[in-house]
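A.B. asks: I am sharing input11.txt, which consists of compact mmCIF, C-alpha atoms and all ligand atoms:
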```
# COMPACT_ATOMS: atom_id res chain seq x y z
CA MET A 234 11.44 19.04 10.01
CA HIS A 235 13.53 17.13 7.46
CA LYS A 236 11.86 16.93 4.03
CA GLY A 237 11.83 13.11 3.97
CA ALA A 238 10.38 12.94 7.46
CA LEU A 239 7.67 15.37 6.39
CA ALA A 240 6.70 13.16 3.45
CA LEU A 241 6.55 10.10 5.70
CA PHE A 242 4.47 12.00 8.24
CA GLY A 243 2.09 12.96 5.41
CA ALA A 244 1.78 9.34 4.28
CA LEU A 245 0.97 8.16 7.79
CA MET A 246 -1.75 10.78 8.16
CA MET A 247 -3.58 9.57 5.05
CA PRO A 248 -6.62 7.36 5.57
CA VAL A 249 -5.97 3.74 4.72
CA THR A 250 -8.11 3.95 1.58
CA ALA A 251 -5.81 6.59 0.12
CA LEU A 252 -2.95 4.08 0.20
CA ALA A 253 -4.71 1.61 -2.09
CA GLY A 254 -4.35 2.27 -5.80
CA ALA A 255 -6.07 1.22 -9.01
CA GLY A 256 -4.76 -2.16 -10.13
CA ASP A 257 -3.84 -3.31 -6.61
CA VAL A 258 -5.52 -6.46 -5.39
CA SER A 259 -5.94 -5.97 -1.65
CA VAL A 260 -8.48 -5.77 1.13
CA GLU A 261 -7.78 -1.99 1.42
CA ARG A 262 -8.53 -1.48 -2.27
CA GLY A 263 -11.71 -3.56 -1.82
CA LEU A 264 -12.87 -1.21 0.93
CA GLN A 265 -12.19 1.74 -1.38
CA VAL A 266 -14.06 0.09 -4.28
CA SER A 267 -17.04 -0.60 -2.02
CA ILE A 268 -17.14 3.11 -1.12
CA THR A 269 -16.57 4.64 -4.56
CA GLY A 270 -18.77 1.96 -6.17
CA GLY A 271 -21.61 3.00 -3.87
CA CYS A 272 -22.22 -0.51 -2.49
CA ASN A 273 -22.48 0.69 1.12
CA ASP A 274 -25.19 3.19 0.13
CA CYS A 275 -27.70 0.36 0.02
CA HIS A 276 -26.01 -2.74 1.45
CA THR A 277 -24.66 -1.28 4.75
CA ALA A 278 -27.23 -0.39 7.42
CA GLY A 279 -26.81 3.14 8.83
CA TYR A 280 -24.23 4.24 6.24
CA ASN A 281 -26.22 7.14 4.76
CA GLU A 282 -27.67 8.29 8.08
CA SER A 283 -24.20 8.51 9.64
CA GLY A 284 -22.69 10.57 6.83
CA GLY A 285 -20.71 7.65 5.42
CA LYS A 286 -19.45 5.85 8.54
CA ILE A 287 -19.11 2.09 8.11
CA ASP A 288 -20.05 0.11 11.21
CA PRO A 289 -17.75 -2.94 10.88
CA ALA A 290 -20.50 -5.18 12.30
CA LYS A 291 -22.87 -4.07 9.52
CA ALA A 292 -20.53 -3.53 6.56
CA LEU A 293 -22.19 -4.98 3.44
CA ALA A 294 -24.36 -7.26 5.61
CA GLY A 295 -27.53 -5.95 3.93
CA THR A 296 -30.41 -3.73 4.98
CA ALA A 297 -33.92 -4.77 5.93
CA ILE A 298 -35.55 -1.64 4.49
CA GLY A 299 -37.31 -2.61 1.26
CA TRP A 300 -37.39 -0.79 -2.07
CA GLN A 301 -40.87 -0.90 -3.55
CA GLY A 302 -41.78 -0.20 -7.16
CA PRO A 303 -43.37 -1.89 -10.17
CA TRP A 304 -40.94 -4.83 -9.60
CA GLY A 305 -42.39 -5.56 -6.14
CA THR A 306 -40.24 -5.03 -3.04
CA THR A 307 -36.54 -5.86 -3.00
CA TYR A 308 -34.01 -5.78 -0.16
CA PRO A 309 -30.28 -5.01 -0.49
CA VAL A 310 -29.05 -8.52 0.26
CA ASN A 311 -26.37 -9.53 2.73
CA LEU A 312 -23.34 -9.56 0.42
CA ARG A 313 -21.26 -11.53 2.94
CA LEU A 314 -23.80 -14.36 2.68
CA ALA A 315 -24.23 -13.96 -1.09
CA ILE A 316 -20.54 -14.70 -1.74
CA LYS A 317 -19.97 -17.11 1.15
CA ASP A 318 -19.69 -20.21 -1.03
CA MET A 319 -18.04 -18.54 -4.05
CA THR A 320 -14.38 -18.82 -4.94
CA GLU A 321 -12.62 -15.61 -5.99
CA ASP A 322 -12.66 -16.70 -9.66
CA GLY A 323 -16.31 -17.70 -9.30
CA PHE A 324 -17.14 -14.26 -7.90
CA VAL A 325 -15.41 -12.49 -10.80
CA LYS A 326 -17.48 -14.49 -13.34
CA TYR A 327 -20.67 -13.92 -11.35
CA ALA A 328 -20.03 -10.19 -10.93
CA LYS A 329 -19.54 -9.78 -14.69
CA THR A 330 -22.84 -11.46 -15.61
CA PHE A 331 -25.47 -11.41 -12.84
CA THR A 332 -28.66 -9.40 -13.05
CA ALA A 333 -30.97 -8.25 -10.25
CA LYS A 334 -34.12 -6.21 -9.85
CA PRO A 335 -34.11 -2.43 -9.22
CA PRO A 336 -32.69 -0.46 -7.65
CA MET A 337 -29.60 -2.74 -7.84
CA PRO A 338 -27.23 -1.20 -10.43
CA TYR A 339 -25.81 -4.58 -11.54
CA PHE A 340 -24.61 -3.02 -14.84
CA ASN A 341 -22.16 -0.88 -12.83
CA VAL A 342 -20.69 -4.02 -11.28
CA HIS A 343 -20.29 -5.58 -14.76
CA ALA A 344 -18.10 -2.57 -15.69
CA MET A 345 -15.65 -2.97 -12.80
CA ASP A 346 -12.04 -3.95 -13.47
CA GLU A 347 -11.20 -7.55 -12.68
CA SER A 348 -8.61 -6.40 -10.13
CA ASP A 349 -11.26 -4.31 -8.38
CA LEU A 350 -13.67 -7.26 -8.27
CA ARG A 351 -10.91 -9.43 -6.76
CA SER A 352 -10.25 -6.73 -4.16
CA LEU A 353 -13.95 -6.38 -3.42
CA TYR A 354 -14.19 -10.15 -2.92
CA ARG A 355 -11.24 -10.12 -0.50
CA TYR A 356 -12.69 -7.17 1.40
CA ILE A 357 -16.11 -8.81 1.76
CA LYS A 358 -14.46 -12.09 2.87
CA SER A 359 -12.42 -10.16 5.48
CA LEU A 360 -15.59 -8.85 7.14
CA GLY A 361 -16.12 -11.98 9.19
CA ASP A 362 -19.31 -13.65 10.31
CA PRO A 363 -21.89 -13.23 7.51
CA GLY A 364 -24.80 -12.79 9.93
CA PRO A 365 -28.46 -13.20 8.97
CA ALA A 366 -30.10 -13.08 5.55
CA MET A 367 -32.24 -10.05 4.72
CA PRO A 368 -35.98 -10.49 3.98
CA ALA A 369 -36.78 -12.23 0.68
CA ALA A 370 -37.92 -10.06 -2.24
CA LEU A 371 -41.72 -9.80 -2.64
CA PRO A 372 -43.71 -9.81 -5.88
CA PRO A 373 -45.83 -6.79 -6.84
CA GLY A 374 -49.01 -6.47 -4.81
CA VAL A 375 -47.67 -8.14 -1.65
CA GLU A 376 -47.43 -5.76 1.32
CA PRO A 377 -44.06 -5.88 3.10
CA LYS A 378 -43.91 -6.42 6.87
CA THR A 379 -40.80 -4.19 7.08
CA PRO A 380 -40.30 -0.46 6.49
CA PHE A 381 -39.76 0.31 2.81
CA TYR A 382 -38.96 3.17 0.45
CA VAL A 383 -41.40 3.81 -2.35
CA ALA A 384 -39.53 4.11 -5.62
CA ALA A 385 -42.01 4.45 -8.40
CA PRO A 386 -40.23 6.06 -11.33
CA PRO A 387 -42.33 7.00 -14.33
CA GLN A 388 -39.80 5.19 -16.53
CA MET A 389 -38.34 1.76 -15.91
CA PRO A 390 -35.11 0.28 -17.22
CA LYS A 391 -35.88 -2.16 -20.03
CA GLY A 392 -35.26 -5.91 -19.56
C1 LIG B 1 -29.50 1.70 -4.89
C2 LIG B 1 -29.27 0.59 -3.98
C3 LIG B 1 -28.14 -0.39 -4.30
C4 LIG B 1 -26.82 -0.10 -4.58
C5 LIG B 1 -26.17 1.25 -4.77
C6 LIG B 1 -26.15 -1.37 -4.70
N1 LIG B 1 -27.04 -2.39 -4.50
FE1 LIG B 1 -26.66 -4.38 -4.72
N2 LIG B 1 -28.64 -4.79 -4.46
C7 LIG B 1 -29.61 -3.88 -4.12
C8 LIG B 1 -30.89 -4.55 -4.01
C9 LIG B 1 -32.22 -3.91 -3.66
C10 LIG B 1 -30.64 -5.91 -4.32
C11 LIG B 1 -31.68 -7.04 -4.40
C12 LIG B 1 -32.23 -7.09 -5.82
C13 LIG B 1 -33.16 -8.26 -6.09
O1 LIG B 1 -33.80 -8.75 -5.15
O2 LIG B 1 -33.24 -8.69 -7.27
C14 LIG B 1 -29.23 -6.02 -4.60
C15 LIG B 1 -28.60 -7.20 -4.98
C16 LIG B 1 -27.24 -7.33 -5.17
C17 LIG B 1 -26.60 -8.56 -5.54
C18 LIG B 1 -27.29 -9.87 -5.86
C19 LIG B 1 -27.14 -10.81 -4.72
C20 LIG B 1 -27.97 -12.06 -4.86
O3 LIG B 1 -27.64 -13.01 -4.16
O4 LIG B 1 -28.96 -12.06 -5.63
C21 LIG B 1 -25.25 -8.31 -5.60
C22 LIG B 1 -24.12 -9.30 -5.93
C23 LIG B 1 -25.07 -6.92 -5.27
N3 LIG B 1 -26.30 -6.35 -5.01
C24 LIG B 1 -23.84 -6.28 -5.21
C25 LIG B 1 -23.68 -4.90 -5.12
C26 LIG B 1 -22.41 -4.23 -5.28
C27 LIG B 1 -21.08 -4.94 -5.47
C28 LIG B 1 -22.66 -2.90 -5.22
C29 LIG B 1 -21.69 -1.76 -5.38
C30 LIG B 1 -20.97 -1.71 -6.61
C31 LIG B 1 -24.11 -2.74 -5.03
N4 LIG B 1 -24.67 -3.98 -4.95
C32 LIG B 1 -24.78 -1.53 -4.95
C33 LIG B 1 -29.42 -2.53 -3.93
C34 LIG B 1 -28.26 -1.83 -4.23
```
Could you express the structure from this file as structure tokens?
Ligand code: HEC
C.D. replies:
Amino acid sequence: MHKGALALFGALMMPVTALAGAGDVSVERGLQVSITGGCNDCHTAGYNESGGKIDPAKALAGTAIGWQGPWGTTYPVNLRLAIKDMTEDGFVKYAKTFTAKPPMPYFNVHAMDESDLRSLYRYIKSLGDPGPAMPAALPPGVEPKTPFYVAAPPQMPKG
């Protein structure tokens, strides 16, 4: 095979995420950021159980399995709904400043590049119908009506 044709063949065989690069602002890069940023781990139902397959109907639409610890019980929210009424600029500001209860690693989101946050926004917006909200967080001492993980670390993040 001709060398150039080989290179093109190689490029076509790459998964779409490999074509998005740091600094790009695109839906493809947003998908990649959601994977490497770990957002699907908690916010996409079935992701862990399937070995990292993203069901398009469930991508970032939240999970109804609670996380229980000293903070009460929290649920990985439906991110499609969470950003539904935000502009892209509004999302960037929000993503740089918001806080949330454990186990949400909001500090990791603060550290993302602005271009990656813009891509993430575009990716989430591309996912279509937001679907239903996840159960509301519960204060300590209230028993959840859903399945939940018990996460009771001996040390808690401060603040
Ligand atoms: C370890 C599980 C976990 C991971 C990983 C995770 N989240 Fe979360 N996330 C949660 C939980 C649980 C909540 C709800 C926290 C609460 O109720 O205060 C949450 C809340 C949020 C919220 C707040 C939404 C609102 O309306 O209050 C945003 C935004 C968010 N997550 C974005 C992300 C992004 C972006 C990523 C990837 C970089 C991510 N999350 C990764 C578990 C996780």
A.B. asks: Counting only C-alpha atoms and all ligand atoms, figure out which residue out of A:Thr320, A:Thr379, A:Thr330, A:Ser283 gets nearest to ligand LIG 1 (chain B).
C.D. replies: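 Among A:Thr320, A:Thr379, A:Thr330, A:Ser283, it is A:Thr330 that comes nearest to ligand LIG 1 (chain B).
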A.B. asks: Work out how far apart CA of His276 (chain A) and CA of Gly323 (chain A) are and give it in Å to one decimal.
C.D. replies: 20.8 Å
A.B. asks: Within 6 Å of ligand LIG 1 (chain B), which residues of chain A show up? Give each one with its shortest atom-to-atom distance in Å (one decimal) and the two atoms involved, counting all atoms listed in the file, rows by chain then rising residue number, as a tab-separated table.
C.D. replies:
```
residue	atom	partner	partner_atom	distance
A:Ser267	CA	B:LIG1	C29	5.9
A:Gly270	CA	B:LIG1	C30	4.3
A:Gly271	CA	B:LIG1	C5	5.0
A:Cys272	CA	B:LIG1	C29	3.2
A:Asp274	CA	B:LIG1	C5	5.4
A:Cys275	CA	B:LIG1	C2	4.3
A:Thr307	CA	B:LIG1	O1	4.5
A:Tyr308	CA	B:LIG1	C9	4.4
A:Pro309	CA	B:LIG1	C8	3.6
A:Val310	CA	B:LIG1	C15	5.4
A:Ala315	CA	B:LIG1	O3	4.7
A:Ala333	CA	B:LIG1	O2	3.8
A:Lys334	CA	B:LIG1	O2	3.7
A:Pro336	CA	B:LIG1	C1	4.7
A:Met337	CA	B:LIG1	C7	3.9
A:Pro338	CA	B:LIG1	C6	5.8
A:Val342	CA	B:LIG1	C30	5.2
A:Ala370	CA	B:LIG1	O1	5.2
```
A.B. asks: Calculate how many Å separate CA of Trp304 (chain A) from CA of Lys391 (chain A), rounding to one decimal.
C.D. replies: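 Distance reported for this atom pair: 11.9 Å.
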A.B. asks: Using CA of Gly254 (chain A) and CA of Arg351 (chain A) as the two end points, give the distance in Å to one decimal.
C.D. replies: 13.4 Å
A.B. asks: Place a sphere of radius 10 Å on (-42.9, -3.8, -7.0) in the file coordinates and name every protein, DNA or RNA residue with an atom inside or on its surface, counting only C-alpha atoms; give the answer as a list of chain:residue names.
C.D. replies: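 All residues meeting the 10 Å criterion around (-42.9, -3.8, -7.0) are A:Trp300, A:Gln301, A:Gly302, A:Pro303, A:Trp304, A:Gly305, A:Thr306, A:Thr307, A:Lys334, A:Pro335, A:Ala370, A:Leu371, A:Pro372, A:Pro373, A:Gly374, A:Val375, A:Glu376, A:Val383, A:Ala384, A:Ala385.
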A.B. asks: Can you work out which one of A:Gly279, A:Gly284, A:Gly263, A:Gly256 has the shortest atom-to-atom distance to Leu353 (chain A), counting only C-alpha atoms?
C.D. replies: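 Residue with the minimum atom-to-atom distance to Leu353 (chain A): A:Gly263.
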A.B. asks: If we count only C-alpha atoms, what is near Pro365 (chain A) at a cut-off of 10 Å, once residues fewer than 5 positions away on the same chain are taken out, given as a PyMOL selection string?
C.D. replies: chain A and resi 294-295+310-311+313-314
A.B. asks: Take the point (-13.2, -9.5, 11.6) as written in the file and pick out every residue within 9 Å of it, counting only C-alpha atoms; give the list as a list in words.
C.D. replies: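 Protein and nucleic acid residues near the point are Pro289, Ala290, Ser359, Leu360, Gly361 and Asp362 of chain A.
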A.B. asks: I'd like to know which of A:Phe381, A:Gln388, A:Asp346, A:Leu293 is closest to Lys329 (chain A), using only C-alpha atoms.
C.D. replies: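 Comparing A:Phe381, A:Gln388, A:Asp346, A:Leu293 against Lys329 (chain A), the winner is A:Asp346.
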A.B. asks: Give me the residues within 10 Å of Lys326 (chain A) as a PyMOL selection string, counting only C-alpha atoms and dropping any in the same chain fewer than 5 places off.
C.D. replies: chain A and resi 320-321+331+343+347+350
A.B. asks: Determine the nearest neighbour of Phe340 (chain A) from the options A:Ser352, A:Leu264, A:Pro390, A:Tyr382, counting all atoms listed in the file.
C.D. replies: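 Among the listed residues, the smallest separation from Phe340 (chain A) belongs to A:Pro390.
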A.B. asks: Please determine, counting all atoms listed in the file, which residue among A:Asn341, A:Thr332, A:Ser348, A:Thr277 has the shortest atom-to-atom distance to Lys291 (chain A).
C.D. replies: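 Using all atoms listed in the file, Lys291 (chain A) sits closest to A:Thr277.
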A.B. asks: Calculated over all atoms listed in the file, which of the candidates A:Ala253, A:Ile316, A:Ile268, A:Arg262 has the smallest distance to Lys286 (chain A)?
C.D. replies: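 Result for the nearest residue to Lys286 (chain A): A:Ile268.
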A.B. asks: Any chance you could work out the axis-aligned box around region 332-341 of chain A, listed atoms only, 6 Å on each side, giving centre and edge lengths in Å to one decimal, as AutoDock Vina command-line options?
C.D. replies:
```
--center_x -28.1 --center_y -4.9 --center_z -11.2 --size_x 24.0 --size_y 20.9 --size_z 19.2
```
